[in-house]
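Engineer: My questions all concern the structure below.
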Amino acid sequence: MKLLYALLICVLLAGCGISAKQPTATPTSTATLTPQPNLTATQRANVAATQAMRLNNSHATLTQAAVPTITAVAEAANALGEISAAASGIDGLDFSRAKLVFGPLTDSLVQKSDKYVEVFSPRLSLKNFVARITFINPYDTATVGNWDYGLFFRNKYNNDQYRLVILSNQTWTLIDEKTNQYVNSNASKDLTTKKGEENTIWLIVVNEIAHLFINGTYVQALDVPRLTNGDITPATGVYYGNTKSMKTTEYRNFEVWSLP
């Protein structure tokens with residue numbers, strides 16, 4: 001009887017479909033950072049050197065995580081007011097719809113002896129904008145050598161950008177890297193060149209014209225006919241021979257406002 005009773009219990013349990021089911025683990029995924037392009041420059045006869053640039057991903061990551069303080073935003077508004085006042089005599093400029101989209105940022109670029117341009121990428125995509133940045137001259141030219149720094153704009157990388165470069169011989173130049181042509185170049189008595197001195201650049205780009213200010217003084221209007229969106233990136237070591245291994249180029253108050 002006991003055996004028969006046990007057999008009946010087993011039949012009933014099997015008929016009800018009861019089974020021991022192990023829990024299934026839910027698969028997880030880990031986000032993968034998209035690598036930034038490694039950019040190689042082209043040979044330029046009139047510069048007599050290979051130029052290139054490389055993104056600084058760690059700076060970009062830190063910047064994305066930063067939230068500007070109320071004080072920083074107020075200072076940026078004051079800076080835009082100063083730029084607007086200085087540019088009031090230029091026809092066609094309207095700052096009423098300018099919007100702060102990056103900064104202010106204080107940081108530095110460390111040069112390497114690898115013939116690459118050192119840049120910082122805020123990962124912007126703008127055609128028209130106002131940019132402000134103050135560079136600090138990195139070293140003494142008499143004892144260390146020449147230096148340069150500047151802003152790349154409408155920067156689509158892969159040698160597709162405009163390059164505004166300040167040089168230690170008290171000159172500036174604007175290059176259209178995509179077409180491998182100089183747009184303009186000139187000396188400026190307003191530029192400082194001694195170690196530790198500063199140069200503040202204001203760049204206002206609207207459609208086919210870029211307006212350049214150096215240390216608060218209007219320099220001139222420059223033709224920038226390629227109407228493409230792109231990044232605005234501080235850079236150093238643009239010209240061959242201007243890179244000194246492990247030398248630091250500091251900058252402060254890097255800010256960008258978008259314009260319609």
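Each chain in the structure tokens gets a letter, A, B and so on, in the order shown; residues start at 1 in every chain, and ligands are counted from 1 in the order they appear.
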Restrict the calculation to only C-alpha atoms, then for each residue of stretch 100-179 of chain A with any atom at most 9 Å from an atom of stretch 220-234 of chain A give the closest atom pair and their distance in Å to one decimal, rows by chain and rising residue number, as JSON lines.
Structural biologist:
```
{"residue": "A:Leu109", "atom": "CA", "partner": "A:Pro234", "partner_atom": "CA", "distance": 8.6}
{"residue": "A:Glu118", "atom": "CA", "partner": "A:Pro234", "partner_atom": "CA", "distance": 8.4}
{"residue": "A:Val119", "atom": "CA", "partner": "A:Pro234", "partner_atom": "CA", "distance": 5.6}
{"residue": "A:Phe120", "atom": "CA", "partner": "A:Thr233", "partner_atom": "CA", "distance": 5.5}
{"residue": "A:Ser121", "atom": "CA", "partner": "A:Thr233", "partner_atom": "CA", "distance": 5.2}
{"residue": "A:Pro122", "atom": "CA", "partner": "A:Thr233", "partner_atom": "CA", "distance": 6.9}
{"residue": "A:Arg123", "atom": "CA", "partner": "A:Asp231", "partner_atom": "CA", "distance": 5.9}
{"residue": "A:Leu124", "atom": "CA", "partner": "A:Asp231", "partner_atom": "CA", "distance": 4.6}
{"residue": "A:Ser125", "atom": "CA", "partner": "A:Gly230", "partner_atom": "CA", "distance": 4.3}
{"residue": "A:Leu126", "atom": "CA", "partner": "A:Asn229", "partner_atom": "CA", "distance": 4.5}
{"residue": "A:Lys127", "atom": "CA", "partner": "A:Asn229", "partner_atom": "CA", "distance": 4.3}
{"residue": "A:Asn128", "atom": "CA", "partner": "A:Asn229", "partner_atom": "CA", "distance": 8.0}
{"residue": "A:Ala131", "atom": "CA", "partner": "A:Ile232", "partner_atom": "CA", "distance": 8.1}
{"residue": "A:Ile133", "atom": "CA", "partner": "A:Pro234", "partner_atom": "CA", "distance": 8.4}
{"residue": "A:Tyr149", "atom": "CA", "partner": "A:Pro234", "partner_atom": "CA", "distance": 7.5}
{"residue": "A:Gly150", "atom": "CA", "partner": "A:Pro234", "partner_atom": "CA", "distance": 5.8}
{"residue": "A:Leu151", "atom": "CA", "partner": "A:Pro234", "partner_atom": "CA", "distance": 4.6}
{"residue": "A:Phe152", "atom": "CA", "partner": "A:Thr233", "partner_atom": "CA", "distance": 5.1}
{"residue": "A:Phe153", "atom": "CA", "partner": "A:Ile232", "partner_atom": "CA", "distance": 4.4}
{"residue": "A:Arg154", "atom": "CA", "partner": "A:Gly230", "partner_atom": "CA", "distance": 3.8}
{"residue": "A:Asn155", "atom": "CA", "partner": "A:Gly230", "partner_atom": "CA", "distance": 4.4}
{"residue": "A:Lys156", "atom": "CA", "partner": "A:Gly230", "partner_atom": "CA", "distance": 5.2}
{"residue": "A:Tyr157", "atom": "CA", "partner": "A:Gly230", "partner_atom": "CA", "distance": 8.5}
{"residue": "A:Gln161", "atom": "CA", "partner": "A:Gly230", "partner_atom": "CA", "distance": 7.9}
{"residue": "A:Tyr162", "atom": "CA", "partner": "A:Val224", "partner_atom": "CA", "distance": 7.9}
{"residue": "A:Leu174", "atom": "CA", "partner": "A:Leu222", "partner_atom": "CA", "distance": 8.4}
{"residue": "A:Asp176", "atom": "CA", "partner": "A:Val224", "partner_atom": "CA", "distance": 8.2}
```
Engineer: Would you put the residues from that selection into a file with N, CA and C atoms, as an mmCIF file, in the first residue's frame?
Structural biologist:
```cif
data_model
loop_
_atom_site.group_PDB
_atom_site.id
_atom_site.type_symbol
_atom_site.label_atom_id
_atom_site.label_comp_id
_atom_site.auth_asym_id
_atom_site.auth_seq_id
_atom_site.Cartn_x
_atom_site.Cartn_y
_atom_site.Cartn_z
ATOM 1 N N LEU A 109 47.845 72.842 -22.174
ATOM 2 C CA LEU A 109 48.205 71.857 -23.189
ATOM 3 C C LEU A 109 49.669 71.504 -22.994
ATOM 4 N N GLU A 118 49.090 69.763 -30.339
ATOM 5 C CA GLU A 118 48.314 69.434 -29.141
ATOM 6 C C GLU A 118 47.071 70.312 -29.102
ATOM 7 N N VAL A 119 45.905 69.696 -28.965
ATOM 8 C CA VAL A 119 44.653 70.437 -28.972
ATOM 9 C C VAL A 119 43.761 69.967 -27.832
ATOM 10 N N PHE A 120 42.812 70.820 -27.497
ATOM 11 C CA PHE A 120 41.735 70.442 -26.585
ATOM 12 C C PHE A 120 40.417 70.567 -27.337
ATOM 13 N N SER A 121 39.580 69.556 -27.258
ATOM 14 C CA SER A 121 38.317 69.563 -27.978
ATOM 15 C C SER A 121 37.136 69.679 -27.023
ATOM 16 N N PRO A 122 36.374 70.778 -27.097
ATOM 17 C CA PRO A 122 35.128 70.857 -26.318
ATOM 18 C C PRO A 122 33.967 70.140 -26.989
ATOM 19 N N ARG A 123 34.203 69.595 -28.191
ATOM 20 C CA ARG A 123 33.191 68.826 -28.921
ATOM 21 C C ARG A 123 31.978 69.677 -29.270
ATOM 22 N N LEU A 124 32.238 70.806 -29.866
ATOM 23 C CA LEU A 124 31.181 71.693 -30.337
ATOM 24 C C LEU A 124 30.963 71.502 -31.834
ATOM 25 N N SER A 125 29.849 71.986 -32.320
ATOM 26 C CA SER A 125 29.570 71.963 -33.753
ATOM 27 C C SER A 125 28.858 73.267 -34.113
ATOM 28 N N LEU A 126 29.657 74.277 -34.472
ATOM 29 C CA LEU A 126 29.125 75.609 -34.711
ATOM 30 C C LEU A 126 29.678 76.181 -36.012
ATOM 31 N N LYS A 127 28.855 76.964 -36.672
ATOM 32 C CA LYS A 127 29.302 77.742 -37.831
ATOM 33 C C LYS A 127 29.584 79.173 -37.406
ATOM 34 N N ASN A 128 28.653 79.776 -36.670
ATOM 35 C CA ASN A 128 28.779 81.157 -36.206
ATOM 36 C C ASN A 128 28.934 81.173 -34.686
ATOM 37 N N ALA A 131 34.236 83.541 -29.629
ATOM 38 C CA ALA A 131 35.150 82.804 -28.749
ATOM 39 C C ALA A 131 36.086 83.778 -28.061
ATOM 40 N N ILE A 133 39.600 83.650 -25.396
ATOM 41 C CA ILE A 133 40.594 82.831 -24.703
ATOM 42 C C ILE A 133 41.818 83.688 -24.415
ATOM 43 N N TYR A 149 50.582 79.258 -30.498
ATOM 44 C CA TYR A 149 49.308 78.753 -29.991
ATOM 45 C C TYR A 149 48.190 79.454 -30.735
ATOM 46 N N GLY A 150 46.974 78.954 -30.571
ATOM 47 C CA GLY A 150 45.870 79.599 -31.280
ATOM 48 C C GLY A 150 44.576 78.825 -31.179
ATOM 49 N N LEU A 151 43.668 79.139 -32.094
ATOM 50 C CA LEU A 151 42.352 78.514 -32.143
ATOM 51 C C LEU A 151 42.125 77.910 -33.518
ATOM 52 N N PHE A 152 41.691 76.649 -33.535
ATOM 53 C CA PHE A 152 41.186 76.035 -34.755
ATOM 54 C C PHE A 152 39.666 76.169 -34.712
ATOM 55 N N PHE A 153 39.036 76.571 -35.813
ATOM 56 C CA PHE A 153 37.586 76.727 -35.801
ATOM 57 C C PHE A 153 36.963 76.187 -37.087
ATOM 58 N N ARG A 154 35.629 75.992 -37.021
ATOM 59 C CA ARG A 154 34.935 75.209 -38.048
ATOM 60 C C ARG A 154 35.738 73.923 -38.292
ATOM 61 N N ASN A 155 36.118 73.349 -37.196
ATOM 62 C CA ASN A 155 37.073 72.245 -37.187
ATOM 63 C C ASN A 155 36.349 70.905 -37.326
ATOM 64 N N LYS A 156 36.512 70.294 -38.494
ATOM 65 C CA LYS A 156 35.935 68.977 -38.742
ATOM 66 C C LYS A 156 37.002 67.885 -38.674
ATOM 67 N N TYR A 157 38.214 68.277 -38.269
ATOM 68 C CA TYR A 157 39.348 67.376 -38.133
ATOM 69 C C TYR A 157 39.774 66.834 -39.505
ATOM 70 N N GLN A 161 39.819 72.498 -41.376
ATOM 71 C CA GLN A 161 39.516 73.545 -40.414
ATOM 72 C C GLN A 161 40.252 74.823 -40.809
ATOM 73 N N TYR A 162 39.842 75.927 -40.180
ATOM 74 C CA TYR A 162 40.620 77.168 -40.216
ATOM 75 C C TYR A 162 41.507 77.179 -38.978
ATOM 76 N N LEU A 174 46.346 83.222 -40.389
ATOM 77 C CA LEU A 174 45.128 82.418 -40.539
ATOM 78 C C LEU A 174 45.316 81.517 -41.750
ATOM 79 N N ASP A 176 43.723 78.265 -44.069
ATOM 80 C CA ASP A 176 42.647 77.339 -44.423
ATOM 81 C C ASP A 176 43.315 75.994 -44.682
#
```
Engineer: Just the number, please: distance in Å from atom CA of A:Arg97 to atom CA of A:Thr217, one decimal.
Structural biologist: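 Straight-line distance from atom CA of A:Arg97 to atom CA of A:Thr217 works out to 23.5 Å.
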Engineer: Would you list, as a list in words, the residues of stretch 70-145 of chain A that end up in helix (DSSP H, G or I) under DSSP run on this structure's backbone?
Structural biologist: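 Here are the helix (DSSP H, G or I) residues of stretch 70-145 of chain A: Ile70, Thr71, Ala72, Val73, Ala74, Glu75, Ala76, Ala77, Asn78, Ala79, Leu80, Gly81, Glu82, Ile83, Ser84, Ala85 and Ala86 of chain A.
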Engineer: Extract, using only C-alpha atoms, all DNA, RNA and protein residues at most 10 Å from A:Arg132, discarding same-chain residues fewer than 5 positions from it, and format them as a list in words.
Structural biologist: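 With the cut-off at 10 Å, the set is Ala76, Ala79, Leu80, Ile83, Gly103, Pro104, Leu151, Thr200, Ile201, Trp202, Leu203, Ile204, Phe213, Arg252, Asn253, Phe254, Glu255, Val256 and Trp257 of chain A.
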Engineer: Just the selected residues (N, CA and C atoms), exported as a PDB file, in the first residue's frame, please.
Structural biologist:
```
ATOM      1  N   ALA A  76      31.105  85.395 -17.482  1.00  0.00           N
ATOM      2  CA  ALA A  76      30.996  85.187 -18.928  1.00  0.00           C
ATOM      3  C   ALA A  76      30.073  86.226 -19.552  1.00  0.00           C
ATOM      4  N   ALA A  79      31.968  89.353 -19.864  1.00  0.00           N
ATOM      5  CA  ALA A  79      32.932  89.263 -20.959  1.00  0.00           C
ATOM      6  C   ALA A  79      32.256  89.487 -22.298  1.00  0.00           C
ATOM      7  N   LEU A  80      31.089  88.895 -22.485  1.00  0.00           N
ATOM      8  CA  LEU A  80      30.367  89.088 -23.740  1.00  0.00           C
ATOM      9  C   LEU A  80      29.970  90.549 -23.907  1.00  0.00           C
ATOM     10  N   ILE A  83      33.034  92.378 -25.135  1.00  0.00           N
ATOM     11  CA  ILE A  83      33.280  92.095 -26.548  1.00  0.00           C
ATOM     12  C   ILE A  83      32.268  92.827 -27.425  1.00  0.00           C
ATOM     13  N   GLY A 103      32.320  76.743 -21.396  1.00  0.00           N
ATOM     14  CA  GLY A 103      33.213  77.510 -20.540  1.00  0.00           C
ATOM     15  C   GLY A 103      32.467  78.297 -19.466  1.00  0.00           C
ATOM     16  N   PRO A 104      33.260  79.110 -18.752  1.00  0.00           N
ATOM     17  CA  PRO A 104      34.699  79.361 -18.929  1.00  0.00           C
ATOM     18  C   PRO A 104      35.565  78.221 -18.400  1.00  0.00           C
ATOM     19  N   LEU A 151      43.668  79.139 -32.094  1.00  0.00           N
ATOM     20  CA  LEU A 151      42.352  78.514 -32.143  1.00  0.00           C
ATOM     21  C   LEU A 151      42.125  77.910 -33.518  1.00  0.00           C
ATOM     22  N   THR A 200      45.159  87.874 -25.134  1.00  0.00           N
ATOM     23  CA  THR A 200      43.742  87.533 -25.167  1.00  0.00           C
ATOM     24  C   THR A 200      43.221  87.662 -26.587  1.00  0.00           C
ATOM     25  N   ILE A 201      42.597  86.607 -27.048  1.00  0.00           N
ATOM     26  CA  ILE A 201      42.051  86.558 -28.403  1.00  0.00           C
ATOM     27  C   ILE A 201      40.530  86.551 -28.328  1.00  0.00           C
ATOM     28  N   TRP A 202      39.916  87.454 -29.066  1.00  0.00           N
ATOM     29  CA  TRP A 202      38.473  87.414 -29.300  1.00  0.00           C
ATOM     30  C   TRP A 202      38.280  87.123 -30.775  1.00  0.00           C
ATOM     31  N   LEU A 203      37.459  86.142 -31.071  1.00  0.00           N
ATOM     32  CA  LEU A 203      37.188  85.782 -32.456  1.00  0.00           C
ATOM     33  C   LEU A 203      35.678  85.719 -32.654  1.00  0.00           C
ATOM     34  N   ILE A 204      35.179  86.552 -33.550  1.00  0.00           N
ATOM     35  CA  ILE A 204      33.748  86.604 -33.863  1.00  0.00           C
ATOM     36  C   ILE A 204      33.576  86.127 -35.299  1.00  0.00           C
ATOM     37  N   PHE A 213      40.162  90.154 -32.765  1.00  0.00           N
ATOM     38  CA  PHE A 213      40.624  91.134 -31.783  1.00  0.00           C
ATOM     39  C   PHE A 213      41.816  90.523 -31.041  1.00  0.00           C
ATOM     40  N   ARG A 252      43.407  80.417 -20.078  1.00  0.00           N
ATOM     41  CA  ARG A 252      42.317  80.632 -19.120  1.00  0.00           C
ATOM     42  C   ARG A 252      41.155  81.341 -19.810  1.00  0.00           C
ATOM     43  N   ASN A 253      40.007  81.289 -19.146  1.00  0.00           N
ATOM     44  CA  ASN A 253      38.794  81.960 -19.630  1.00  0.00           C
ATOM     45  C   ASN A 253      38.470  81.602 -21.075  1.00  0.00           C
ATOM     46  N   PHE A 254      38.580  80.316 -21.391  1.00  0.00           N
ATOM     47  CA  PHE A 254      38.153  79.861 -22.711  1.00  0.00           C
ATOM     48  C   PHE A 254      36.635  79.706 -22.701  1.00  0.00           C
ATOM     49  N   GLU A 255      35.983  80.529 -23.520  1.00  0.00           N
ATOM     50  CA  GLU A 255      34.516  80.537 -23.583  1.00  0.00           C
ATOM     51  C   GLU A 255      34.058  80.624 -25.029  1.00  0.00           C
ATOM     52  N   VAL A 256      32.917  79.998 -25.299  1.00  0.00           N
ATOM     53  CA  VAL A 256      32.341  80.043 -26.635  1.00  0.00           C
ATOM     54  C   VAL A 256      30.846  80.323 -26.517  1.00  0.00           C
ATOM     55  N   TRP A 257      30.383  81.299 -27.298  1.00  0.00           N
ATOM     56  CA  TRP A 257      28.961  81.592 -27.419  1.00  0.00           C
ATOM     57  C   TRP A 257      28.518  81.255 -28.840  1.00  0.00           C
TER      58      TRP A 257
END
```
Engineer: Counting only C-alpha atoms, which of A:Gly216, A:Ile70, A:Thr236, A:Ser185 gets nearest to A:Glu82?
Structural biologist: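 Checking each candidate against A:Glu82, we get A:Gly216 as the closest.
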Engineer: Identify which of the residues A:Ile136, A:Ile166, A:Ala210, A:Val144 lies closest to A:Ala187, counting only C-alpha atoms when measuring atom-to-atom distances.
Structural biologist: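 Closest candidate: A:Ile166.
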Engineer: So which residues of stretch 132-161 of chain A fall under strand (DSSP E or B) by DSSP, listed as a list in words?
Structural biologist: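 So the strand (DSSP E or B) residues in stretch 132-161 of chain A would be Arg132, Ile133, Thr134, Phe135, Ile136, Asp148, Tyr149, Gly150, Leu151, Phe152, Phe153, Arg154 and Asn155 of chain A.
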Engineer: I need the chosen residues saved as an mmCIF file, in the first residue's frame, with C-alpha atoms.
Structural biologist:
```cif
data_model
loop_
_atom_site.group_PDB
_atom_site.id
_atom_site.type_symbol
_atom_site.label_atom_id
_atom_site.label_comp_id
_atom_site.auth_asym_id
_atom_site.auth_seq_id
_atom_site.Cartn_x
_atom_site.Cartn_y
_atom_site.Cartn_z
ATOM 1 C CA ARG A 132 37.341 84.268 -26.044
ATOM 2 C CA ILE A 133 40.594 82.831 -24.703
ATOM 3 C CA THR A 134 43.676 84.120 -22.899
ATOM 4 C CA PHE A 135 46.951 82.315 -23.577
ATOM 5 C CA ILE A 136 50.004 82.589 -21.326
ATOM 6 C CA ASP A 148 52.919 79.210 -31.026
ATOM 7 C CA TYR A 149 49.308 78.753 -29.991
ATOM 8 C CA GLY A 150 45.870 79.599 -31.280
ATOM 9 C CA LEU A 151 42.352 78.514 -32.143
ATOM 10 C CA PHE A 152 41.186 76.035 -34.755
ATOM 11 C CA PHE A 153 37.586 76.727 -35.801
ATOM 12 C CA ARG A 154 34.935 75.209 -38.048
ATOM 13 C CA ASN A 155 37.073 72.245 -37.187
#
```
Engineer: Between A:Val238, A:Asn158, A:Tyr116, A:Asp190, which is the closest to A:Ile175 once you count only C-alpha atoms?
Structural biologist: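 Among the listed residues, A:Val238 lies closest to A:Ile175.
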Engineer: How many Å lie between atom CA of A:Gln181 and atom CA of A:Leu167, rounded to one decimal?
Structural biologist: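 Computed distance, atom CA of A:Gln181 to atom CA of A:Leu167, equals 17.6 Å.
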Engineer: Please provide as number ranges by chain all residues within 6 Å of A:Met246, with the sequence filter that same-chain residues fewer than 3 positions apart are discarded (counting only C-alpha atoms).
Structural biologist: A: 110-112
Engineer: Of the residues A:Val117, A:Gly145, A:Thr106, A:Ser88, which is the one nearest to A:Lys244, using only C-alpha atoms?
Structural biologist: A:Gly145
